[in-house]
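> One file: input-v2.txt (compact mmCIF, C-alpha atoms).
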```txt
# COMPACT_ATOMS: atom_id res chain seq x y z
CA MET Z 271 -59.24 -91.43 -38.78
CA LYS Z 272 -60.04 -87.70 -38.74
CA ILE Z 273 -57.05 -85.49 -37.89
CA ALA Z 274 -57.24 -81.73 -37.26
CA ILE Z 275 -54.02 -79.75 -37.82
CA VAL Z 276 -54.18 -76.49 -35.89
CA SER Z 277 -51.93 -73.42 -35.80
CA SER Z 278 -52.29 -69.82 -34.59
CA LEU Z 279 -52.02 -66.69 -36.72
CA GLN Z 280 -50.17 -65.10 -33.76
CA ASP Z 281 -47.52 -67.82 -33.72
CA PRO Z 282 -44.54 -67.30 -36.08
CA GLY Z 283 -43.19 -70.80 -35.48
CA GLY Z 284 -46.53 -72.48 -36.09
CA SER Z 285 -47.04 -70.34 -39.23
CA THR Z 286 -43.64 -71.40 -40.62
CA ILE Z 287 -44.50 -75.05 -40.07
CA HIS Z 288 -47.98 -74.57 -41.58
CA ARG Z 289 -46.58 -72.98 -44.74
CA ALA Z 290 -44.08 -75.80 -45.16
CA LEU Z 291 -46.79 -78.40 -44.68
CA LEU Z 292 -48.98 -76.84 -47.38
CA ALA Z 293 -45.99 -76.68 -49.73
CA LEU Z 294 -45.30 -80.40 -49.23
CA LEU Z 295 -48.93 -81.25 -49.96
CA ALA Z 296 -49.16 -79.03 -53.06
CA GLY Z 297 -48.64 -80.45 -56.52
CA PRO Z 298 -47.76 -84.04 -57.49
CA HIS Z 299 -46.13 -86.04 -54.71
CA GLU Z 300 -45.97 -89.49 -53.19
CA ILE Z 301 -48.72 -90.04 -50.65
CA TYR Z 302 -47.49 -89.33 -47.12
CA PRO Z 303 -48.60 -91.71 -44.33
CA LEU Z 304 -50.67 -88.94 -42.72
CA GLU Z 305 -52.65 -88.54 -45.95
CA ARG Z 306 -54.15 -91.98 -45.43
CA HIS Z 307 -56.31 -90.16 -42.88
CA GLU Z 308 -58.91 -87.45 -43.32
CA LEU Z 309 -57.07 -84.15 -42.73
CA GLU Z 310 -58.59 -80.80 -41.79
CA HIS Z 311 -56.57 -77.57 -41.39
CA HIS Z 312 -57.50 -74.89 -38.85
CA ARG Z 313 -55.94 -71.44 -38.38
CA VAL Z 314 -57.06 -69.62 -35.24
CA GLN Z 315 -56.53 -66.07 -33.98
CA GLU Z 316 -55.73 -66.80 -30.34
CA ARG Z 317 -52.62 -68.36 -28.82
CA LEU Z 318 -52.99 -72.12 -28.76
CA ILE Z 319 -52.13 -72.56 -25.07
CA TYR Z 320 -55.38 -70.76 -24.17
CA LYS Z 321 -57.63 -72.74 -26.55
CA ASP Z 322 -59.44 -74.89 -24.01
CA ARG Z 323 -62.40 -76.77 -25.50
CA ILE Z 324 -61.30 -76.01 -29.07
CA ASP Z 325 -62.20 -79.57 -29.98
CA ARG Z 326 -65.88 -78.98 -29.18
CA ASP Z 327 -66.19 -77.30 -32.60
CA MET Z 328 -64.21 -79.99 -34.44
CA ASP Z 329 -65.07 -83.43 -35.70
CA ALA Z 330 -61.67 -84.97 -35.07
CA ASP Z 331 -60.14 -88.10 -33.55
CA LEU Z 332 -56.73 -86.44 -33.11
CA ILE Z 333 -55.48 -82.84 -32.93
CA ILE Z 334 -51.94 -81.89 -33.96
CA PHE Z 335 -50.99 -78.38 -32.81
CA LEU Z 336 -48.19 -76.66 -34.75
CA SER Z 337 -46.41 -74.16 -32.50
CA ARG Z 338 -43.32 -72.23 -31.49
CA HIS Z 339 -41.27 -73.16 -28.45
CA SER Z 340 -39.77 -70.57 -26.08
CA SER Z 341 -37.14 -71.13 -23.40
CA LYS Z 342 -35.19 -69.14 -20.80
CA ASN Z 343 -32.09 -70.97 -22.05
CA PRO Z 344 -32.73 -70.89 -25.80
CA VAL Z 345 -31.28 -73.63 -28.00
CA PRO Z 346 -32.34 -74.76 -31.48
CA VAL Z 347 -34.77 -77.57 -30.76
CA LEU Z 348 -37.68 -79.50 -32.27
CA THR Z 349 -40.05 -80.89 -29.66
CA VAL Z 350 -43.21 -82.88 -29.16
CA HIS Z 351 -45.41 -83.12 -26.06
CA VAL Z 352 -48.92 -83.35 -24.68
CA THR Z 353 -50.41 -80.38 -22.84
CA GLY Z 354 -51.95 -80.02 -19.38
CA ASN Z 355 -50.93 -78.95 -15.88
CA ILE Z 356 -49.68 -81.41 -13.29
CA THR Z 357 -49.51 -78.69 -10.63
CA THR Z 358 -50.21 -74.99 -11.18
CA ALA Z 359 -51.66 -73.47 -14.36
CA ASP Z 360 -49.04 -70.85 -15.24
CA PHE Z 361 -49.58 -70.89 -19.00
CA GLY Z 362 -53.17 -71.69 -19.87
CA GLY Z 363 -55.57 -74.42 -18.85
CA LEU Z 364 -56.58 -75.37 -15.32
CA GLU Z 365 -54.34 -76.53 -12.49
CA ARG Z 366 -54.04 -80.29 -11.90
CA SER Z 367 -55.92 -81.00 -15.11
CA LEU Z 368 -54.74 -83.16 -18.00
CA PRO Z 369 -56.19 -83.78 -21.48
CA PRO Z 370 -55.98 -87.13 -23.29
CA ALA Z 371 -52.55 -87.85 -24.79
CA ALA Z 372 -51.69 -89.61 -28.05
CA PRO Z 373 -48.48 -91.46 -27.07
CA GLU Z 374 -48.23 -93.54 -30.23
CA TRP Z 375 -48.46 -90.40 -32.42
CA MET Z 376 -45.98 -88.47 -30.28
CA HIS Z 377 -43.60 -91.44 -30.53
CA ALA Z 378 -43.97 -91.52 -34.33
CA VAL Z 379 -43.49 -87.76 -34.74
CA LEU Z 380 -40.46 -87.70 -32.41
CA ARG Z 381 -38.73 -90.45 -34.38
CA GLU Z 382 -39.37 -88.60 -37.62
CA LEU Z 383 -38.06 -85.36 -36.10
CA SER Z 384 -34.86 -87.22 -35.25
CA LYS Z 385 -34.48 -88.25 -38.91
CA ASN Z 386 -35.31 -84.83 -40.37
CA ALA Z 387 -33.82 -82.31 -37.90
CA PRO Z 388 -31.50 -79.76 -39.58
CA PRO Z 389 -27.87 -79.63 -38.37
CA GLY Z 390 -27.57 -77.92 -34.99
CA TYR Z 391 -31.09 -78.80 -33.82
CA ARG Z 392 -31.73 -81.19 -30.98
CA VAL Z 393 -34.89 -83.29 -30.72
CA ALA Z 394 -36.79 -83.96 -27.50
CA TYR Z 395 -39.96 -84.70 -25.65
CA GLU Z 396 -41.07 -81.88 -23.39
CA VAL Z 397 -42.64 -82.60 -20.03
CA THR Z 398 -46.32 -81.80 -19.51
CA HIS Z 399 -46.38 -78.08 -18.68
CA HIS Z 400 -48.97 -75.77 -20.33
CA GLY Z 401 -52.52 -75.45 -21.64
CA PRO Z 402 -54.87 -76.22 -23.11
CA SER Z 403 -55.93 -78.72 -20.50
CA GLU Z 404 -59.68 -78.88 -21.17
CA LEU Z 405 -59.81 -81.13 -24.21
CA ARG Z 406 -61.65 -84.39 -24.81
CA THR Z 407 -59.76 -85.30 -27.98
CA PRO Z 408 -56.25 -86.78 -27.88
CA SER Z 409 -53.72 -84.18 -28.99
CA LEU Z 410 -50.06 -83.27 -29.22
CA PHE Z 411 -47.98 -80.15 -29.76
CA VAL Z 412 -45.14 -80.19 -32.31
CA GLU Z 413 -42.87 -77.19 -31.84
CA VAL Z 414 -39.84 -75.40 -33.25
CA GLY Z 415 -37.71 -73.31 -30.93
CA SER Z 416 -36.44 -71.47 -29.14
CA THR Z 417 -36.02 -67.92 -30.57
CA GLU Z 418 -37.31 -65.77 -33.41
CA LYS Z 419 -34.43 -67.03 -35.56
CA GLU Z 420 -35.60 -70.66 -35.33
CA TRP Z 421 -39.28 -69.72 -35.62
CA GLN Z 422 -38.55 -68.13 -39.00
CA ASP Z 423 -36.17 -70.90 -40.12
CA GLU Z 424 -37.72 -72.41 -43.25
CA ALA Z 425 -35.50 -75.51 -43.02
CA ALA Z 426 -36.69 -76.19 -39.47
CA GLY Z 427 -40.31 -75.58 -40.47
CA MET Z 428 -39.92 -77.99 -43.38
CA ALA Z 429 -38.35 -80.62 -41.10
CA VAL Z 430 -41.27 -80.43 -38.66
CA ALA Z 431 -43.87 -80.47 -41.46
CA ARG Z 432 -42.24 -83.49 -43.10
CA SER Z 433 -42.05 -85.27 -39.75
CA VAL Z 434 -45.76 -84.75 -39.12
CA LEU Z 435 -46.71 -85.98 -42.60
CA CYS Z 436 -44.43 -89.03 -42.36
CA ALA Z 437 -45.56 -90.06 -38.87
CA ASP Z 438 -46.86 -93.63 -38.92
CA PRO Z 439 -47.40 -95.09 -35.43
CA LEU Z 440 -45.88 -98.46 -34.51
CA ASN Z 441 -47.14 -101.10 -32.12
CA CYS Z 442 -46.04 -99.05 -29.12
CA ILE Z 443 -45.97 -99.55 -25.36
CA PRO Z 444 -47.79 -96.49 -23.91
CA LEU Z 445 -46.05 -95.12 -20.81
CA VAL Z 446 -46.14 -92.31 -18.29
CA GLY Z 447 -42.80 -90.81 -17.28
CA PHE Z 448 -41.44 -89.41 -14.04
CA GLY Z 449 -38.29 -87.38 -13.53
CA GLY Z 450 -35.87 -85.44 -15.66
CA THR Z 451 -35.56 -81.87 -16.86
CA HIS Z 452 -37.84 -79.93 -19.19
CA TYR Z 453 -36.55 -81.81 -22.26
CA ALA Z 454 -36.97 -85.29 -20.68
CA ALA Z 455 -33.66 -86.67 -21.93
CA ARG Z 456 -34.04 -90.28 -20.77
CA GLN Z 457 -37.61 -90.55 -22.03
CA THR Z 458 -36.48 -89.13 -25.38
CA HIS Z 459 -33.65 -91.67 -25.62
CA ILE Z 460 -36.01 -94.53 -24.81
CA ALA Z 461 -38.59 -93.46 -27.40
CA LEU Z 462 -35.94 -93.09 -30.11
CA ASN Z 463 -34.58 -96.58 -29.45
CA THR Z 464 -37.53 -98.69 -28.30
CA ARG Z 465 -41.29 -99.14 -28.62
CA GLY Z 466 -41.74 -97.15 -25.40
CA ALA Z 467 -44.10 -94.25 -26.19
CA PHE Z 468 -44.65 -91.56 -23.56
CA GLY Z 469 -47.72 -89.48 -22.94
CA HIS Z 470 -47.72 -87.36 -19.79
CA ILE Z 471 -44.28 -86.80 -18.21
CA ALA Z 472 -43.71 -85.14 -14.81
CA HIS Z 473 -40.62 -82.93 -14.28
CA SER Z 474 -38.39 -83.88 -11.33
CA ARG Z 475 -39.43 -80.74 -9.43
CA GLU Z 476 -43.07 -81.83 -9.61
CA VAL Z 477 -42.50 -85.30 -8.20
CA PRO Z 478 -42.79 -84.26 -4.50
CA SER Z 479 -46.28 -82.86 -5.17
CA LEU Z 480 -47.62 -85.97 -6.91
CA ASP Z 481 -50.36 -87.92 -5.17
CA ALA Z 482 -52.30 -91.05 -6.09
CA ALA Z 483 -55.05 -89.05 -7.81
CA MET Z 484 -52.66 -87.18 -10.12
CA ILE Z 485 -50.69 -90.31 -10.98
CA ASP Z 486 -53.94 -92.09 -11.79
CA GLN Z 487 -54.96 -89.15 -13.98
CA MET Z 488 -51.61 -89.27 -15.82
CA VAL Z 489 -52.04 -92.99 -16.46
CA GLU Z 490 -55.68 -92.74 -17.49
CA LYS Z 491 -55.20 -89.76 -19.83
CA THR Z 492 -52.19 -91.44 -21.43
CA GLY Z 493 -53.76 -94.88 -21.71
CA ALA Z 494 -50.51 -96.12 -20.16
CA VAL Z 495 -49.86 -99.77 -19.35
CA ALA Z 496 -46.78 -98.98 -17.24
CA ALA Z 497 -44.57 -96.25 -15.81
CA TYR Z 498 -40.93 -95.35 -16.35
CA ILE Z 499 -38.93 -93.50 -13.67
CA ASP Z 500 -35.69 -91.61 -14.35
CA ARG Z 501 -34.25 -92.71 -11.01
CA LYS Z 502 -31.04 -90.70 -11.24
CA ALA Z 503 -33.04 -87.49 -11.62
CA ILE Z 504 -35.11 -87.89 -8.42
CA PRO Z 505 -33.78 -87.61 -4.82
CA GLY Z 506 -33.90 -90.84 -2.80
CA LYS Z 507 -36.69 -89.86 -0.42
CA ASP Z 508 -38.94 -88.59 -3.21
CA LEU Z 509 -38.14 -91.66 -5.30
CA ALA Z 510 -39.18 -94.06 -2.53
CA THR Z 511 -42.48 -92.20 -2.02
CA LEU Z 512 -43.19 -92.10 -5.76
CA GLU Z 513 -42.53 -95.82 -6.21
CA SER Z 514 -44.75 -96.63 -3.26
CA ILE Z 515 -47.67 -94.64 -4.68
CA ILE Z 516 -47.25 -96.11 -8.16
CA ARG Z 517 -47.21 -99.67 -6.86
CA LYS Z 518 -50.16 -99.09 -4.52
CA ASN Z 519 -52.06 -97.81 -7.56
CA GLY Z 520 -51.38 -101.15 -9.24
CA ILE Z 521 -49.17 -99.65 -11.97
CA MET Z 522 -46.23 -101.64 -13.30
CA ILE Z 523 -42.80 -99.97 -13.43
CA LEU Z 524 -40.58 -100.81 -16.40
CA SER Z 525 -36.86 -100.09 -16.57
CA GLU Z 526 -34.95 -98.81 -19.57
CA GLY Z 527 -33.40 -102.28 -19.89
CA ASP Z 528 -36.86 -103.88 -20.05
CA LEU Z 529 -37.88 -101.54 -22.84
CA MET Z 530 -34.63 -101.98 -24.77
CA HIS Z 531 -35.19 -105.75 -24.98
CA PHE Z 532 -38.93 -105.80 -25.60
CA GLY Z 533 -38.58 -106.80 -29.26
CA GLU Z 534 -41.90 -107.68 -30.90
CA ILE Z 535 -43.57 -108.98 -27.74
CA SER Z 536 -47.12 -107.68 -27.35
CA TRP Z 537 -48.29 -106.40 -23.99
CA ASP Z 538 -50.65 -109.39 -23.70
CA THR Z 539 -47.74 -111.80 -24.23
CA TYR Z 540 -45.64 -109.92 -21.69
CA GLN Z 541 -48.42 -110.29 -19.12
CA LYS Z 542 -48.46 -114.05 -19.82
CA ILE Z 543 -44.69 -114.13 -19.35
CA LEU Z 544 -45.08 -112.44 -15.96
CA GLY Z 545 -47.77 -114.94 -14.95
CA LEU Z 546 -45.61 -117.91 -15.96
CA ALA Z 547 -42.63 -116.41 -14.12
CA LYS Z 548 -44.70 -115.96 -10.96
CA GLU Z 549 -45.78 -119.63 -11.10
CA THR Z 550 -42.19 -120.78 -11.66
CA VAL Z 551 -40.31 -118.63 -9.11
CA PRO Z 552 -42.70 -116.66 -6.85
CA GLY Z 553 -41.45 -113.14 -6.17
CA CYS Z 554 -38.86 -113.18 -8.93
CA THR Z 555 -37.79 -110.31 -11.17
CA VAL Z 556 -38.26 -110.81 -14.90
CA ILE Z 557 -35.35 -109.69 -17.09
CA LEU Z 558 -35.71 -109.59 -20.86
CA HIS Z 559 -32.60 -110.45 -22.83
CA GLY Z 560 -32.46 -110.94 -26.61
CA PRO Z 561 -35.67 -109.80 -28.35
CA CYS Z 562 -38.38 -112.44 -28.64
CA PRO Z 563 -41.03 -112.57 -31.35
CA ASP Z 564 -44.63 -112.51 -30.21
CA GLY Z 565 -46.29 -115.81 -29.38
CA HIS Z 566 -47.03 -118.29 -26.60
CA PRO Z 567 -44.51 -118.23 -23.72
CA VAL Z 568 -43.10 -121.53 -22.43
CA LYS Z 569 -40.51 -122.60 -19.87
CA VAL Z 570 -37.08 -123.87 -20.85
CA GLU Z 571 -35.37 -125.87 -18.09
CA MET Z 572 -31.56 -125.91 -17.87
CA ASP Z 573 -29.46 -128.49 -16.04
CA PRO Z 574 -28.78 -126.65 -12.73
CA PRO Z 575 -25.16 -127.87 -12.24
CA LEU Z 576 -24.20 -126.81 -15.79
CA LEU Z 577 -25.64 -123.31 -15.36
CA GLU Z 578 -24.16 -123.03 -11.87
CA GLU Z 579 -20.65 -123.87 -13.12
CA ALA Z 580 -20.88 -121.43 -16.05
CA TRP Z 581 -22.05 -118.64 -13.73
CA ARG Z 582 -19.30 -119.47 -11.24
CA CYS Z 583 -16.74 -119.35 -14.03
CA ASN Z 584 -17.75 -116.07 -15.72
CA PRO Z 585 -21.07 -114.34 -14.83
CA ARG Z 586 -20.43 -111.49 -17.25
CA ALA Z 587 -19.96 -113.86 -20.19
CA VAL Z 588 -23.20 -115.63 -19.27
CA ILE Z 589 -25.15 -112.36 -19.33
CA GLU Z 590 -23.57 -111.25 -22.59
CA GLY Z 591 -24.46 -114.61 -24.11
CA LEU Z 592 -28.05 -114.42 -22.86
CA ASP Z 593 -28.39 -111.02 -24.53
CA THR Z 594 -28.02 -112.76 -27.90
CA LEU Z 595 -30.83 -115.25 -27.22
CA PRO Z 596 -34.62 -114.67 -27.40
CA LEU Z 597 -35.38 -115.46 -23.76
CA VAL Z 598 -36.35 -114.13 -20.35
CA ARG Z 599 -34.25 -114.67 -17.21
CA LEU Z 600 -35.73 -115.07 -13.76
CA SER Z 601 -33.80 -113.51 -10.88
CA THR Z 602 -34.15 -113.04 -7.13
CA SER Z 603 -32.09 -111.07 -4.60
CA LYS Z 604 -30.36 -114.24 -3.38
CA LYS Z 605 -30.08 -115.99 -6.73
CA PRO Z 606 -29.41 -113.76 -9.77
CA ILE Z 607 -30.01 -116.53 -12.32
CA TRP Z 608 -32.40 -119.49 -12.13
CA PRO Z 609 -32.19 -122.59 -14.34
CA SER Z 610 -35.74 -121.92 -15.56
CA PHE Z 611 -35.97 -119.55 -18.53
CA ILE Z 612 -38.95 -118.39 -20.56
CA THR Z 613 -39.12 -118.05 -24.33
CA ILE Z 614 -41.69 -118.24 -27.11
CA GLY Z 615 -42.82 -121.81 -27.83
CA GLU Z 616 -41.51 -122.08 -31.36
CA ASN Z 617 -38.02 -121.06 -30.15
CA SER Z 618 -37.76 -123.43 -27.19
CA GLY Z 619 -35.71 -126.19 -28.86
CA ASN Z 620 -33.16 -123.82 -30.36
CA VAL Z 621 -32.97 -121.76 -27.18
CA LEU Z 622 -32.21 -124.81 -25.02
CA HIS Z 623 -29.51 -125.93 -27.47
CA ASP Z 624 -27.93 -122.47 -27.46
CA LEU Z 625 -28.09 -122.20 -23.66
CA ILE Z 626 -26.28 -125.51 -23.21
CA SER Z 627 -23.71 -124.57 -25.85
CA LEU Z 628 -23.16 -121.17 -24.19
CA CYS Z 629 -22.53 -122.71 -20.76
CA VAL Z 630 -20.32 -125.54 -22.05
CA ASN Z 631 -18.07 -123.16 -23.97
CA ILE Z 632 -17.80 -120.64 -21.11
CA ILE Z 633 -16.68 -123.45 -18.79
CA ARG Z 634 -14.20 -124.88 -21.31
CA ARG Z 635 -12.64 -121.43 -21.86
CA GLY Z 636 -12.31 -120.68 -18.16
CA GLU Z 637 -11.56 -124.02 -16.50
CA ILE Z 638 -9.47 -127.15 -16.98
CA THR Z 639 -11.92 -129.63 -18.50
CA PHE Z 640 -11.98 -133.15 -19.89
CA VAL Z 641 -14.60 -134.59 -22.24
CA ALA Z 642 -15.46 -138.28 -22.22
CA GLY Z 643 -18.58 -139.34 -24.06
CA ASP Z 644 -21.51 -137.39 -22.64
CA HIS Z 645 -19.63 -136.21 -19.56
CA LEU Z 646 -17.85 -132.91 -19.02
CA THR Z 647 -15.39 -133.08 -16.13
CA ILE Z 648 -14.19 -129.86 -14.52
CA SER Z 649 -10.85 -130.09 -12.71
CA ARG Z 650 -9.94 -127.37 -10.26
CA ARG Z 651 -6.80 -126.69 -8.27
CA ARG Z 652 -7.10 -124.39 -5.30
CA PHE Z 653 -4.57 -122.94 -2.89
CA ASP Z 654 -4.80 -124.75 0.47
CA PRO Z 655 -3.69 -122.54 3.41
CA ASP Z 656 -3.57 -125.60 5.71
CA ARG Z 657 -0.98 -127.27 3.48
CA ALA Z 658 0.99 -124.04 3.32
CA ARG Z 659 1.00 -123.76 7.10
CA ASP Z 660 2.10 -127.40 7.49
CA LEU Z 661 5.05 -126.66 5.22
CA GLY Z 662 6.08 -123.74 7.44
CA ILE Z 663 5.13 -120.94 5.09
CA PRO Z 664 4.24 -117.78 7.03
CA ARG Z 665 1.09 -115.88 6.14
CA GLY Z 666 1.68 -112.82 4.00
CA PRO Z 667 3.24 -112.07 0.61
CA LEU Z 668 4.44 -115.67 0.08
CA TYR Z 669 0.82 -116.86 0.08
CA GLY Z 670 0.06 -114.41 -2.70
CA GLN Z 671 3.00 -115.58 -4.81
CA LEU Z 672 1.94 -119.21 -4.48
CA MET Z 673 -1.67 -118.35 -5.33
CA ASN Z 674 -0.39 -116.60 -8.47
CA GLY Z 675 1.47 -119.76 -9.54
CA CYS Z 676 4.98 -118.72 -8.47
CA PRO Z 677 7.33 -120.94 -6.39
CA VAL Z 678 8.73 -119.49 -3.14
CA ARG Z 679 11.75 -120.21 -0.99
CA VAL Z 680 11.42 -120.96 2.73
CA GLY Z 681 14.81 -121.46 4.31
CA ASP Z 682 16.69 -123.87 2.07
CA ARG Z 683 13.54 -125.33 0.51
CA VAL Z 684 11.68 -124.34 -2.65
CA ILE Z 685 7.91 -124.70 -2.34
CA THR Z 686 6.03 -125.01 -5.64
CA PRO Z 687 2.36 -124.05 -6.09
CA GLU Z 688 1.45 -127.71 -6.65
CA MET Z 689 2.70 -128.57 -3.16
CA VAL Z 690 0.06 -126.31 -1.54
CA GLN Z 691 -2.88 -127.09 -3.80
CA THR Z 692 -5.88 -129.37 -3.45
CA CYS Z 693 -7.61 -130.84 -6.48
CA SER Z 694 -11.32 -131.31 -7.02
CA GLU Z 695 -13.40 -132.58 -9.90
CA ARG Z 696 -17.01 -132.15 -10.88
CA ARG Z 697 -18.57 -134.39 -13.51
CA ILE Z 698 -21.63 -133.14 -15.42
CA HIS Z 699 -23.70 -135.40 -17.64
CA ILE Z 700 -24.78 -133.65 -20.86
CA PRO Z 701 -26.64 -135.90 -23.32
CA GLY Z 702 -25.26 -135.38 -26.83
CA LEU Z 703 -22.34 -133.32 -25.48
CA GLU Z 704 -20.39 -133.51 -28.74
CA LYS Z 705 -22.92 -131.32 -30.63
CA TYR Z 706 -22.40 -128.47 -28.11
CA LEU Z 707 -18.62 -128.29 -28.42
```
Go through the file and emit its structure as structure tokens.


Amino acid sequence: MKIAIVSSLQDPGGSTIHRALLALLAGPHEIYPLERHELEHHRVQERLIYKDRIDRDMDADLIIFLSRHSSKNPVPVLTVHVTGNITTADFGGLERSLPPAAPEWMHAVLRELSKNAPPGYRVAYEVTHHGPSELRTPSLFVEVGSTEKEWQDEAAGMAVARSVLCADPLNCIPLVGFGGTHYAARQTHIALNTRGAFGHIAHSREVPSLDAAMIDQMVEKTGAVAAYIDRKAIPGKDLATLESIIRKNGIMILSEGDLMHFGEISWDTYQKILGLAKETVPGCTVILHGPCPDGHPVKVEMDPPLLEEAWRCNPRAVIEGLDTLPLVRLSTSKKPIWPSFITIGENSGNVLHDLISLCVNIIRRGEITFVAGDHLTISRRRFDPDRARDLGIPRGPLYGQLMNGCPVRVGDRVITPEMVQTCSERRIHIPGLEKYL
């Protein structure tokens, strides 16, 4: 791969980074990941934000711009972003024009910046907001900011240079982002903790102006397979309109939870999981739990009564247990958990065993149970208001005391909780029950 590294002679921040980069490459050293590619250095006279079509004179597959970052509210920061203008062209480029992004490289550089940032510096994506916009080659800006002090900071320049040289893209999930402030806090958090890699990101204030054409351009120029929306950063009316446009454009929306649990699943495998889920429970929502390896997705069928009783006993414990297993849960608005799960084929036997064990142990911790052979019997005692009324107990605080297991006095009689309870039992057949206890 041919990579052009570009900085401006007018830019003090870019010059500091460039000097540090040359120093790291000089003399004997271990080969940096970036050196596995063919590198070419360019120093230009003009400001980089006005260098539309600079790639026409380069033979490059990727351009990395080294630059300063300025802000009205200056803080020490190291940033990465793709250029372009989602609305107006206030700082170079053309309005409503976006160049190709390199989300996997931005993701790699951002993660390295997080490792190398000097004390006191924050690390962040920036939203798409300035030129150049007229490029055909994927590119990214790496910046140090936000004042002259940081631009001249040799430690910050060295951190950025080292991050660029150590960048080594993973098997990422390319995304477009919507919502947030200039430093895209949620998108930054996701990229630092998942395989989610953002290209073009729209600031919250730009969301009301987005139309289908611009969203399509963001997706196309990013090479995105899905979108992420920072829902808390967008007003309800604008959020509903945005989601409607995205879905009409046929773009999938992933949540932060989806991305956190993606594990090693490839996008192709995820699409197969969605197809299998649609066949199993039409209209369901797919929720990833513990990370699955990549492979062929299959269904795992649970005994419905066993799952139902565990969920009834302690839904939170069920979810926490599922988060430790490599599986996918199917959910609908009326039924949050279905007895059909999806996992990768080679895991199916172990996953079924662990699911049964999880449910059995949740029930045994939360209910009165009896085990006989392959049968688990659940015994429940419930307060019966009809019995209480027949015994002359008035509605009110006495009901509460009896429900909490305390005897009460009515006249000259003592009424115990057992006297106002009904008993019920449910027997569940679990082949090989002993191995799940």

> I'd like a table as CSV: residues in stretch 290-391 of chain Z with an atom no more than 8 Å from stretch 435-454 of chain Z, each row giving the shortest atom pair and its distance in Å to one decimal, only C-alpha atoms counted, sorted by chain and rising residue number.


```
residue,atom,partner,partner_atom,distance
Z:Leu291,CA,Z:Leu435,CA,7.9
Z:Tyr302,CA,Z:Cys436,CA,5.7
Z:Pro303,CA,Z:Cys436,CA,5.3
Z:Leu304,CA,Z:Leu435,CA,4.9
Z:Glu305,CA,Z:Leu435,CA,7.3
Z:Pro373,CA,Z:Pro444,CA,6.0
Z:Glu374,CA,Z:Pro439,CA,5.5
Z:Trp375,CA,Z:Pro439,CA,5.7
Z:His377,CA,Z:Pro439,CA,7.2
Z:Ala378,CA,Z:Ala437,CA,5.0
Z:Val379,CA,Z:Ala437,CA,5.2
Z:Glu382,CA,Z:Ala437,CA,6.5
```

> Using only C-alpha atoms, which of the listed residues (Z:Ala587, Z:Leu332, Z:Ile557, Z:Val347) sits closest to Z:Trp608?

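When distances to Z:Trp608 are compared using only C-alpha atoms, the smallest one comes from Z:Ile557.
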
> Take every atom of stretch 654-663 of chain Z listed in the file, fit an axis-aligned box around them, add 6 Å per side, and give the centre and edge lengths in Å to one decimal as JSON.


```
{"center_x": 0.6, "center_y": -124.2, "center_z": 4.0, "size_x": 22.9, "size_y": 18.5, "size_z": 19.0}
```

> One decimal, Å: what's the distance from atom CA of Z:Ser384 over to atom CA of Z:Ser525, could you say?

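Taking atom CA of Z:Ser384 and atom CA of Z:Ser525, their separation equals 22.8 Å.
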
> So which residues touch stretch 660-676 of chain Z within 12 Å, counting all atoms listed in the file, skipping near sequence neighbours fewer than 5 positions away, as a list of chain:residue names?

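Using all atoms listed in the file, the neighbours found are Z:Arg651, Z:Arg652, Z:Phe653, Z:Asp654, Z:Pro655, Z:Gly681, Z:Asp682, Z:Arg683, Z:Val684, Z:Ile685, Z:Thr686, Z:Pro687, Z:Glu688, Z:Met689, Z:Val690, Z:Gln691, Z:Thr692.
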
> Just the number, please: distance in Å from atom CA of Z:Val314 to atom CA of Z:Arg338, one decimal.

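Taking atom CA of Z:Val314 as the start and atom CA of Z:Arg338 as the end point, the length is 14.5 Å.
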
> Near Z:Arg406, counting only C-alpha atoms, which residues have an atom at most 10 Å away, once you skip same-chain residues fewer than 2 positions from it, shown as JSON, numbers by chain?

{"Z": [322, 323, 324, 325, 326, 331, 332, 368, 369, 370, 371, 403, 404, 408, 409, 491]}

> What's around Z:Ala394 at 9 Å? Count only C-alpha atoms, leave out sequence neighbours fewer than 4 positions away in its own chain, and write the answer as a list of chain:residue names.

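Contacts, in chain order: Z:Val347, Z:Leu348, Z:Thr349, Z:Val350, Z:His351, Z:Leu380, Z:Leu383, Z:Ser384, Z:Tyr453, Z:Ala454, Z:Ala455, Z:Gln457, Z:Thr458, Z:His459.
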
> Name the closest residue to Z:Arg366 among the candidates Z:Val352, Z:Met522, Z:Leu480, Z:Met428; distances are taken between atoms, counting all atoms listed in the file.

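Of the candidates, the smallest distance to Z:Arg366 is held by Z:Leu480.
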
> Using only C-alpha atoms, which of Z:Arg392, Z:Arg696, Z:Arg317, Z:His559 sits nearest Z:Pro346?

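Checking each candidate against Z:Pro346, we get Z:Arg392 as the closest.
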
> I'd like the interatomic distance between atom CA of Z:Gly636 and atom CA of Z:Pro561, to a tenth of an Å.

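Interatomic distance here is 27.7 Å.
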
> From the list Z:Gly354, Z:Leu524, Z:Leu544, Z:Leu646, which residue is nearest Z:Glu579 when using only C-alpha atoms?

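Selected residue with least distance to Z:Glu579: Z:Leu646.
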